[in-house]
Amino acid sequence: MTSHIADVLIPLALDTAYSYAVPDGLDLKEGDVVQVPLASREVVGVVWGLRSGQGGNLKKVTGVVDAPNLSAKMRKFLDWIAWYTLAPKGSALAMGLKLVDAERAEVVRVGVRLAGQLPKRMTPARQKVIEAAQDGVVRLKSELAHAAGVSAGVVDGLIDEGTLETVTLLQEPVAEAPNPDSGSAALSDGQQAAALELIASMAEEHPPVTLLEGVTGSGKTEVYFEAVAQAVRDGRQALILMPEIALTTQFLDRFAARFGVKPATWHSGVTGRKRERLYAAIASGEVRVVAGARSALFLPYADLGLIVVDEEHETAYKQDDGVHYHARDMAVVRGRIENASVVLASATPSIESRVNVQRGRYRHVQLPERFGGRQMPQIRAVDLRRETIPKGRWLSPTLNLSIEDTLGRGEQVLLFLNRRGYAPLTLCRACAHRYECPNCSAWLVEHRFRRSLVCHHCGHVERTPQACISCGSIDSLVPCGPGVERIAEEVAEIFPDKRCVVLSSDMLGGTERLRTELAAIADGAFDIVIGTQLVAKGHNFPLMTLVGVLDADIGLTSGDPRAAERTFQMLQQVTGRAGRGEKPGRALVQTWQPDHPVIAALVSGDAERFYEEETRVREIAGLPPFGRLASLIVSAAEREAAEAHARAMALVAQPPAGVTVLGPAEAPLALIRGRYRFRLLVKTEREVDLQAYLRDWLGRCPKVRGNARVAIDVDPQSFL
DNA sequence: AGCACGCCGACT
DNA sequence: GTCGGCGTGCTC
């Protein structure tokens with residue numbers, strides 16, 4: 001009899017699989033989920049490899065866990081992710097395995113209900129349980145205990161006494177089967193053509209990645225639903241990835257209208273037994289369509305035929321706890337491995353995706369018109385060099401006229417300024433002292449409402465001083481430049497009788513408050529909304545017909561090579577908020593540089609122009625072309641920070657051929673959440689070199705290795 | 001992830 | 001003197 005050794009990958013931050021002896025009579029396959037001893041405890045792992053050999057003094061595999069086998073494709077995917085993100089293999093596995101709690105999968109849930117008979121000994125706790133169970137409803141043990149405000153032990157005691165009886169709970173169906181031919185899809189000709197193109201792509205031997213572009217309201221969802229329907233007809237599975245916040249009832253209802261039932265959903269709110277059963281049903285192929293957040297990408301699909309990444313430009317797809325990845329890019333990779341068609345849907349596609357279209361790596365399907373005939377807002381630049389604006393004011397006469405006009409018609413105005421607080425710089429009139437952050441030397445931003453000076457870089461907060469900390473002069477501090485709070489002040493002076501609200505992440509009351517304010521705006525409770533990038537997405541404001549961008553140039557001058565791209569996307573989203581209702585919208589964009597490619601492209605509505613121009617500018621400036629840029633985020637504990645930084649700089653000073661270090665993109669060392677952090681930008685000729693370089697760099701930097709986290713940010717498509 | 005080991009501050 | 005904080009290293 002040949003004996004075997006199993007190399008078991010454990011879902012911990014370990015980069016190698018550990019070897020265990022396979023006991024005689026245990027039939028293991030690669031991908032099986034097993035239990036193994038590790039140090040003093042038992043853990044769950046996955047058989048990553050099997051080989052014959054003597055177990056010797058290796059520990060033995062304890063047993064096989066009743067969980068779906070991880071397919072070779074899935075293992076390949078996880079290996080790739082670990083390699084690409086420079087994360088330990090075990091961490092990559094953890095993303096796929098922690099989705100289901102193997103221990104709990106064994107537990108059979110039982111419900112309890114009142115059986116009648118009173119316990120021999122009555123206690124106050126038991127009394128409470130009996131009262132809570134009086135209605136005769138079958139409840140889980142834990143639920144009943146919780147309802148009665150006692151521990152589960154009391155419930156157990158009452159079961160022993162015969163006061164409560166146990167009932168095996170029926171399993172609710174985890175998800176109903178979507179019917180691809182249920183709803184009649186009333187598609188326009190344009191939509192129909194797009195849908196057919198997606199459907200045709202799914203039948204290809206090597207299904208492509210397709211960028212599905214269409215403005216809000218153009219019916220992108222209906223179009224990709226047709227591709228989903230085709231996957232279902234083909235007997236394969238479809239995954240619709242979306243940012244967690246986008247998984248709304250509205251979306252589920254639209255799905256139900258097309259497919260007769262709601263899709264299975266996978267997100268952080270799906271927990272416990274439901275999650276386990278969904279996991280199993282996805283692995284068995286029973287569940288055909290999953291709509292899910294980022295983590296749904298790591299489910300063990302039996303036969304995935306289509307991945308849709310909705311709102312592909314969303315930054316929420318970036319994940320950075322433990323393993324740093326961009327779900328959109330990983331979806332592309334998974335699609336490649338699974339031989340699935342990938343559809344990236346967006347109204348404002350990311351620059352990477354556009355460049356991939358330009359280079360012929362992705363296909364492009366466009367839906368030009370707004371469904372139902374709604375128009376894109378008309379966008380105009382306001383050249384600040386030609387406007388006369390009083391000192392301490394920021395709204396141009398041109399913009400003011402438009403605001404007045406809009407308000408006069410009873411419509412809403414959005415004023416966008418991507419700057420929190422009252423003023424971005426504070427200085428002393430007497431001695432010209434600039435208030436800077438003690439940690440990162442960024443300017444401190446005055447928050448008048450909070451009476452504080454805040455560092456937007458690291459979060460440092462200090463109380464606004466009465467007297468200048470440098471020269472002691474009283475009341476000598478002058479705010480320089482505008483923030484949203486200051487704009488609110490100006491608006492209140494010019495339009496004193498209008499209802500105005502400021503939306504920024506500083507708003508007291510958190511998400512809950514934000515939601516109510518957004519709803520109030522949609523209902524017309526305010527005339528003027530002043531907001532930071534918080535207002536760029538989400539929520540429709542049907543009454544809003546004018547968007548004023550107060551300073552479109554913010555962000556265009558920072559050292560970050562992605563600044564232009566980010567600004568373009570943000571402005572495109574913000575200006576797109578005008579005219580979502582019945583009436584057409586307009587946007588006025590105040591700028592000092594109307595000829596800047598970002599502004600010009602925005603105003604002309606010609607995104608391609610920006611991408612072409614930007615690509616050219618990057619070439620001239622020696623910046624990396626899109627998709628070949630990596631950023632390393634290294635964070636180290638305070639004690640190690642200086643050394644880690646010095647070592648990193650030393651290593652980075654002599655990169656291998658084909659790798660260029662562009663320098664730190666953030667402040668050299670910034671204290672963020674208790675850790676020192678710095679970011680390096682690296683460009684390469686070939687990404688494969690980059691991976692090798694980064695691994696080498698990590699390996700040669702032992703002080704950093706222990707407590708550094710590395711994030712890389714490159715486009716995977718370019719080296720698949 | 002756990003768990004042990006080891007090094008520094010504040011106390012029964 | 002020790003208790004215990006967490007930073008660090010190891011687990012086939």
# chains A, B, ... in the order shown; residues from 1 in each chain; ligands from 1
>>> interface_residues(of="chain A", to="chain C", cutoff="6 Å", atoms="only C-alpha atoms (C1' of nucleotides)", output="number ranges by chain")
A: 18-19, 38-39
>>> closest_atom_pairs(of="chain A", to="chain B", cutoff="12 Å", atoms="only C-alpha atoms (C1' of nucleotides)", output="tab-separated table")
residue	atom	partner	partner_atom	distance
A:Ile10	CA	B:DA1	C1'	10.2
A:Pro11	CA	B:DA1	C1'	8.6
A:Leu12	CA	B:DA1	C1'	6.3
A:Ala13	CA	B:DA1	C1'	8.3
A:Leu14	CA	B:DA1	C1'	10.7
A:Leu38	CA	B:DG2	C1'	9.9
A:Ala39	CA	B:DC3	C1'	8.4
A:Ser40	CA	B:DC3	C1'	8.2
A:Arg41	CA	B:DG2	C1'	8.5
A:Glu42	CA	B:DG2	C1'	10.7
A:Val43	CA	B:DA1	C1'	9.6
A:Val44	CA	B:DA1	C1'	11.4
A:Gly90	CA	B:DA1	C1'	11.1
A:Ser91	CA	B:DA1	C1'	10.7
A:Ala94	CA	B:DA1	C1'	10.5
A:Lys98	CA	B:DA1	C1'	11.5
>>> write_last_selection(atoms="C-alpha atoms", output="compact mmCIF listing (two decimals), in the first residue's frame")
# COMPACT_ATOMS: atom_id res chain seq x y z
CA ILE A 10 -4.23 26.73 5.76
CA PRO A 11 -6.26 29.95 5.54
CA LEU A 12 -3.83 31.96 7.65
CA ALA A 13 -1.14 34.39 6.65
CA LEU A 14 1.17 31.58 5.53
CA LEU A 38 -1.59 23.04 13.76
CA ALA A 39 0.45 23.83 16.83
CA SER A 40 -1.87 22.98 19.72
CA ARG A 41 -5.17 23.15 17.86
CA GLU A 42 -7.15 21.80 14.95
CA VAL A 43 -7.69 23.99 11.91
CA VAL A 44 -9.40 23.70 8.58
CA GLY A 90 -3.08 31.29 2.88
CA SER A 91 -4.54 34.81 3.00
CA ALA A 94 -8.97 32.74 3.54
CA LYS A 98 -13.91 32.19 5.45
>>> residues_around(residues="region 348-364 of chain A", least_positions_apart="5", cutoff="6 Å", atoms="only C-alpha atoms (C1' of nucleotides)", output="ChimeraX atom specification")
/A:209-211,313
>>> residues_around(residues="region 575-582 of chain A", least_positions_apart="5", cutoff="10 Å", atoms="only C-alpha atoms (C1' of nucleotides)", output="CSV table (one decimal) with all heavy atoms, in the first residue's frame")
chain,number,residue,atom,x,y,z
A,215,VAL,N,-25.0,55.9,-20.5
A,215,VAL,CA,-25.3,56.9,-19.4
A,215,VAL,C,-26.5,56.4,-18.5
A,215,VAL,O,-27.2,55.5,-18.9
A,215,VAL,CB,-25.8,58.3,-20.0
A,215,VAL,CG1,-24.6,58.9,-20.8
A,215,VAL,CG2,-27.0,58.1,-20.9
A,216,THR,N,-26.6,57.0,-17.4
A,216,THR,CA,-27.7,56.6,-16.5
A,216,THR,C,-29.0,56.7,-17.2
A,216,THR,O,-29.3,57.7,-17.8
A,216,THR,CB,-27.7,57.5,-15.3
A,216,THR,OG1,-26.3,57.7,-14.8
A,216,THR,CG2,-28.5,57.0,-14.2
A,217,GLY,N,-29.8,55.6,-17.1
A,217,GLY,CA,-31.1,55.6,-17.7
A,217,GLY,C,-31.1,55.1,-19.1
A,217,GLY,O,-32.1,55.0,-19.8
A,347,ALA,N,-21.6,54.0,-16.5
A,347,ALA,CA,-21.9,55.2,-17.3
A,347,ALA,C,-20.7,56.1,-17.4
A,347,ALA,O,-20.5,56.9,-18.3
A,347,ALA,CB,-23.0,56.0,-16.5
A,348,THR,N,-19.7,55.9,-16.5
A,348,THR,CA,-18.5,56.6,-16.5
A,348,THR,C,-17.3,55.7,-16.3
A,348,THR,O,-16.8,55.6,-15.2
A,348,THR,CB,-18.5,57.7,-15.3
A,348,THR,OG1,-18.8,56.9,-14.1
A,348,THR,CG2,-19.5,58.7,-15.5
A,374,ARG,N,-34.4,61.1,-22.2
A,374,ARG,CA,-33.8,62.2,-21.3
A,374,ARG,C,-32.5,62.6,-21.9
A,374,ARG,O,-31.7,61.8,-22.4
A,374,ARG,CB,-33.7,61.7,-19.9
A,374,ARG,CG,-34.9,62.1,-19.1
A,374,ARG,CD,-34.8,61.6,-17.7
A,374,ARG,NE,-34.9,60.2,-17.6
A,374,ARG,CZ,-34.6,59.5,-16.5
A,374,ARG,NH1,-34.1,60.1,-15.5
A,374,ARG,NH2,-34.7,58.2,-16.5
A,375,GLN,N,-32.2,63.8,-21.7
A,375,GLN,CA,-30.9,64.4,-22.3
A,375,GLN,C,-29.8,64.4,-21.2
A,375,GLN,O,-30.1,64.5,-20.1
A,375,GLN,CB,-31.2,65.8,-22.8
A,375,GLN,CG,-32.1,65.8,-24.0
A,375,GLN,CD,-31.6,65.1,-25.2
A,375,GLN,OE1,-30.5,65.4,-25.7
A,375,GLN,NE2,-32.3,64.2,-25.7
A,376,MET,N,-28.6,64.3,-21.7
A,376,MET,CA,-27.5,64.6,-20.8
A,376,MET,C,-27.5,66.1,-20.5
A,376,MET,O,-27.9,66.9,-21.3
A,376,MET,CB,-26.2,64.3,-21.6
A,376,MET,CG,-25.9,62.8,-21.7
A,376,MET,SD,-25.8,62.0,-20.0
A,376,MET,CE,-24.1,62.6,-19.5
A,377,PRO,N,-27.0,66.4,-19.3
A,377,PRO,CA,-27.0,67.9,-19.0
A,377,PRO,C,-26.0,68.6,-19.9
A,377,PRO,O,-25.0,68.1,-20.4
A,377,PRO,CB,-26.5,67.9,-17.6
A,377,PRO,CG,-25.9,66.6,-17.3
A,377,PRO,CD,-26.5,65.6,-18.2
A,378,GLN,N,-26.4,69.9,-20.2
A,378,GLN,CA,-25.5,70.7,-21.0
A,378,GLN,C,-24.5,71.3,-20.1
A,378,GLN,O,-24.8,71.9,-19.0
A,378,GLN,CB,-26.4,71.8,-21.6
A,378,GLN,CG,-25.7,72.8,-22.4
A,378,GLN,CD,-26.5,74.1,-22.5
A,378,GLN,OE1,-27.5,74.3,-21.8
A,378,GLN,NE2,-26.1,75.0,-23.3
A,379,ILE,N,-23.2,71.1,-20.4
A,379,ILE,CA,-22.1,71.5,-19.6
A,379,ILE,C,-21.3,72.7,-20.2
A,379,ILE,O,-21.0,72.7,-21.3
A,379,ILE,CB,-21.1,70.4,-19.3
A,379,ILE,CG1,-21.9,69.1,-18.7
A,379,ILE,CG2,-20.0,70.8,-18.3
A,379,ILE,CD1,-21.0,67.9,-18.5
A,412,GLN,N,-34.0,72.9,-8.1
A,412,GLN,CA,-32.9,72.8,-7.1
A,412,GLN,C,-31.5,73.1,-7.8
A,412,GLN,O,-31.3,72.8,-8.9
A,412,GLN,CB,-32.9,71.4,-6.5
A,412,GLN,CG,-33.7,71.3,-5.3
A,412,GLN,CD,-33.8,69.9,-4.8
A,412,GLN,OE1,-33.5,69.0,-5.5
A,412,GLN,NE2,-34.0,69.7,-3.5
A,413,VAL,N,-30.6,73.5,-6.9
A,413,VAL,CA,-29.2,73.8,-7.3
A,413,VAL,C,-28.3,72.9,-6.5
A,413,VAL,O,-28.4,72.9,-5.3
A,413,VAL,CB,-28.9,75.3,-7.2
A,413,VAL,CG1,-27.4,75.5,-7.5
A,413,VAL,CG2,-29.8,76.1,-8.0
A,414,LEU,N,-27.3,72.4,-7.1
A,414,LEU,CA,-26.2,71.7,-6.4
A,414,LEU,C,-24.9,72.5,-6.6
A,414,LEU,O,-24.5,72.7,-7.7
A,414,LEU,CB,-26.0,70.3,-6.9
A,414,LEU,CG,-24.8,69.5,-6.4
A,414,LEU,CD1,-24.9,69.3,-4.9
A,414,LEU,CD2,-24.6,68.2,-7.1
A,416,PHE,N,-21.0,72.2,-6.0
A,416,PHE,CA,-20.0,71.2,-5.7
A,416,PHE,C,-18.7,71.8,-5.4
A,416,PHE,O,-18.1,72.6,-6.2
A,416,PHE,CB,-20.0,70.2,-6.8
A,416,PHE,CG,-18.9,69.2,-6.6
A,416,PHE,CD1,-19.0,68.1,-5.7
A,416,PHE,CD2,-17.7,69.3,-7.3
A,416,PHE,CE1,-18.0,67.2,-5.6
A,416,PHE,CE2,-16.7,68.4,-7.2
A,416,PHE,CZ,-16.8,67.3,-6.3
A,535,VAL,N,-21.7,63.9,-2.6
A,535,VAL,CA,-22.9,64.0,-3.4
A,535,VAL,C,-22.8,63.5,-4.8
A,535,VAL,O,-23.7,63.6,-5.6
A,535,VAL,CB,-23.4,65.5,-3.4
A,535,VAL,CG1,-23.8,66.0,-2.1
A,535,VAL,CG2,-22.4,66.4,-4.1
A,536,ALA,N,-21.6,63.0,-5.1
A,536,ALA,CA,-21.3,62.7,-6.5
A,536,ALA,C,-22.1,61.5,-7.0
A,536,ALA,O,-22.4,61.3,-8.1
A,536,ALA,CB,-19.8,62.4,-6.7
A,537,LYS,N,-22.4,60.6,-6.0
A,537,LYS,CA,-23.2,59.4,-6.5
A,537,LYS,C,-24.3,59.0,-5.6
A,537,LYS,O,-24.5,59.7,-4.5
A,537,LYS,CB,-22.2,58.2,-6.6
A,537,LYS,CG,-21.3,58.0,-5.4
A,537,LYS,CD,-20.2,57.0,-5.8
A,537,LYS,CE,-18.9,57.6,-5.7
A,537,LYS,NZ,-17.8,56.8,-6.1
A,538,GLY,N,-25.0,58.0,-6.0
A,538,GLY,CA,-26.2,57.6,-5.2
A,538,GLY,C,-27.3,58.5,-5.4
A,538,GLY,O,-27.2,59.6,-6.0
A,539,HIS,N,-28.5,58.2,-4.9
A,539,HIS,CA,-29.6,59.0,-4.8
A,539,HIS,C,-29.9,59.9,-6.0
A,539,HIS,O,-29.1,60.7,-6.4
A,539,HIS,CB,-29.6,59.9,-3.6
A,539,HIS,CG,-30.7,59.6,-2.6
A,539,HIS,ND1,-31.9,60.2,-2.8
A,539,HIS,CD2,-30.7,58.9,-1.5
A,539,HIS,CE1,-32.7,59.7,-1.8
A,539,HIS,NE2,-32.0,58.9,-1.0
A,540,ASN,N,-31.1,59.8,-6.5
A,540,ASN,CA,-31.5,60.7,-7.6
A,540,ASN,C,-32.2,61.9,-7.0
A,540,ASN,O,-33.0,61.8,-6.1
A,540,ASN,CB,-32.5,59.9,-8.5
A,540,ASN,CG,-31.9,59.7,-9.8
A,540,ASN,OD1,-30.9,60.2,-10.2
A,540,ASN,ND2,-32.7,59.0,-10.7
A,541,PHE,N,-31.9,63.1,-7.6
A,541,PHE,CA,-32.6,64.3,-7.1
A,541,PHE,C,-33.4,64.8,-8.3
A,541,PHE,O,-32.8,65.6,-9.1
A,541,PHE,CB,-31.6,65.4,-6.7
A,541,PHE,CG,-30.7,64.9,-5.5
A,541,PHE,CD1,-29.3,65.1,-5.6
A,541,PHE,CD2,-31.2,64.3,-4.4
A,541,PHE,CE1,-28.5,64.7,-4.6
A,541,PHE,CE2,-30.4,63.9,-3.4
A,541,PHE,CZ,-29.0,64.1,-3.5
A,542,PRO,N,-34.6,64.4,-8.4
A,542,PRO,CA,-35.4,64.7,-9.6
A,542,PRO,C,-35.6,66.2,-9.8
A,542,PRO,O,-35.8,66.7,-11.0
A,542,PRO,CB,-36.7,64.0,-9.4
A,542,PRO,CG,-36.8,63.7,-7.9
A,542,PRO,CD,-35.4,63.6,-7.5
A,543,LEU,N,-35.5,67.0,-8.8
A,543,LEU,CA,-35.8,68.5,-8.9
A,543,LEU,C,-34.6,69.3,-9.2
A,543,LEU,O,-34.6,70.5,-9.5
A,543,LEU,CB,-36.4,69.0,-7.6
A,543,LEU,CG,-37.7,68.3,-7.2
A,543,LEU,CD1,-38.1,68.8,-5.8
A,543,LEU,CD2,-38.8,68.6,-8.2
A,544,MET,N,-33.4,68.6,-9.3
A,544,MET,CA,-32.2,69.3,-9.4
A,544,MET,C,-31.9,69.5,-10.9
A,544,MET,O,-31.8,68.6,-11.7
A,544,MET,CB,-31.0,68.5,-8.8
A,544,MET,CG,-29.8,69.3,-8.6
A,544,MET,SD,-28.7,68.4,-7.4
A,544,MET,CE,-29.4,68.9,-5.9
A,545,THR,N,-31.7,70.8,-11.3
A,545,THR,CA,-31.5,71.1,-12.7
A,545,THR,C,-30.2,71.9,-13.0
A,545,THR,O,-29.9,72.0,-14.1
A,545,THR,CB,-32.7,71.9,-13.3
A,545,THR,OG1,-32.9,73.1,-12.5
A,545,THR,CG2,-34.0,71.1,-13.2
A,546,LEU,N,-29.6,72.3,-11.9
A,546,LEU,CA,-28.4,73.1,-12.1
A,546,LEU,C,-27.3,72.5,-11.1
A,546,LEU,O,-27.5,72.4,-9.9
A,546,LEU,CB,-28.6,74.6,-11.8
A,546,LEU,CG,-27.3,75.4,-11.9
A,546,LEU,CD1,-26.7,75.5,-13.3
A,546,LEU,CD2,-27.5,76.8,-11.4
A,547,VAL,N,-26.1,72.3,-11.7
A,547,VAL,CA,-25.0,71.9,-10.9
A,547,VAL,C,-23.9,72.9,-11.1
A,547,VAL,O,-23.6,73.2,-12.3
A,547,VAL,CB,-24.4,70.5,-11.3
A,547,VAL,CG1,-23.1,70.2,-10.6
A,547,VAL,CG2,-25.4,69.4,-10.8
A,548,GLY,N,-23.4,73.5,-10.1
A,548,GLY,CA,-22.3,74.5,-10.2
A,548,GLY,C,-21.1,73.9,-9.6
A,548,GLY,O,-21.1,73.5,-8.4
A,549,VAL,N,-20.0,73.7,-10.4
A,549,VAL,CA,-18.8,73.2,-9.8
A,549,VAL,C,-17.9,74.4,-9.5
A,549,VAL,O,-17.6,75.2,-10.4
A,549,VAL,CB,-18.0,72.3,-10.9
A,549,VAL,CG1,-16.7,71.9,-10.3
A,549,VAL,CG2,-18.9,71.0,-11.2
A,570,MET,N,-14.9,62.2,-11.3
A,570,MET,CA,-15.7,62.8,-10.3
A,570,MET,C,-16.6,63.9,-10.9
A,570,MET,O,-17.8,64.0,-10.6
A,570,MET,CB,-14.8,63.4,-9.2
A,570,MET,CG,-15.6,63.8,-8.0
A,570,MET,SD,-14.4,64.2,-6.6
A,570,MET,CE,-13.5,65.5,-7.4
A,587,ALA,N,-25.0,72.3,-16.3
A,587,ALA,CA,-23.9,72.4,-15.3
A,587,ALA,C,-22.9,73.5,-15.7
A,587,ALA,O,-22.6,73.7,-16.9
A,587,ALA,CB,-23.1,71.1,-15.3
A,588,LEU,N,-22.5,74.3,-14.7
A,588,LEU,CA,-21.5,75.3,-14.9
A,588,LEU,C,-20.3,75.0,-14.2
A,588,LEU,O,-20.4,74.7,-13.0
A,588,LEU,CB,-22.1,76.7,-14.4
A,588,LEU,CG,-23.2,77.3,-15.2
A,588,LEU,CD1,-23.6,78.7,-14.7
A,588,LEU,CD2,-22.9,77.4,-16.7
A,589,VAL,N,-19.2,75.0,-14.9
A,589,VAL,CA,-17.9,74.5,-14.2
A,589,VAL,C,-17.0,75.6,-14.1
A,589,VAL,O,-16.4,76.1,-15.2
A,589,VAL,CB,-17.3,73.3,-15.1
A,589,VAL,CG1,-16.0,72.9,-14.5
A,589,VAL,CG2,-18.3,72.2,-15.2
A,602,LEU,N,-14.6,67.3,-20.5
A,602,LEU,CA,-15.8,67.3,-19.7
A,602,LEU,C,-16.9,68.2,-20.4
A,602,LEU,O,-18.0,67.8,-20.6
A,602,LEU,CB,-15.5,67.9,-18.3
A,602,LEU,CG,-16.7,67.9,-17.3
A,602,LEU,CD1,-16.9,66.5,-16.8
A,602,LEU,CD2,-16.4,68.8,-16.1
A,603,VAL,N,-16.4,69.4,-20.8
A,603,VAL,CA,-17.4,70.3,-21.4
A,603,VAL,C,-17.8,69.8,-22.8
A,603,VAL,O,-19.0,69.9,-23.1
A,603,VAL,CB,-16.7,71.7,-21.5
A,603,VAL,CG1,-17.5,72.6,-22.4
A,603,VAL,CG2,-16.5,72.3,-20.2
>>> select_by_dssp(residues="region 161-389 of chain A", states="strand (DSSP E or B)", output="PyMOL selection string")
chain A and resi 164-168+209-214+237-241+264-266+289-292+304-310+318-321+323-326+341-346+362-367+378-383
>>> atom_distance(atom1="CA of Val33 (chain A)", atom2="CA of Gly56 (chain A)")
22.6 Å
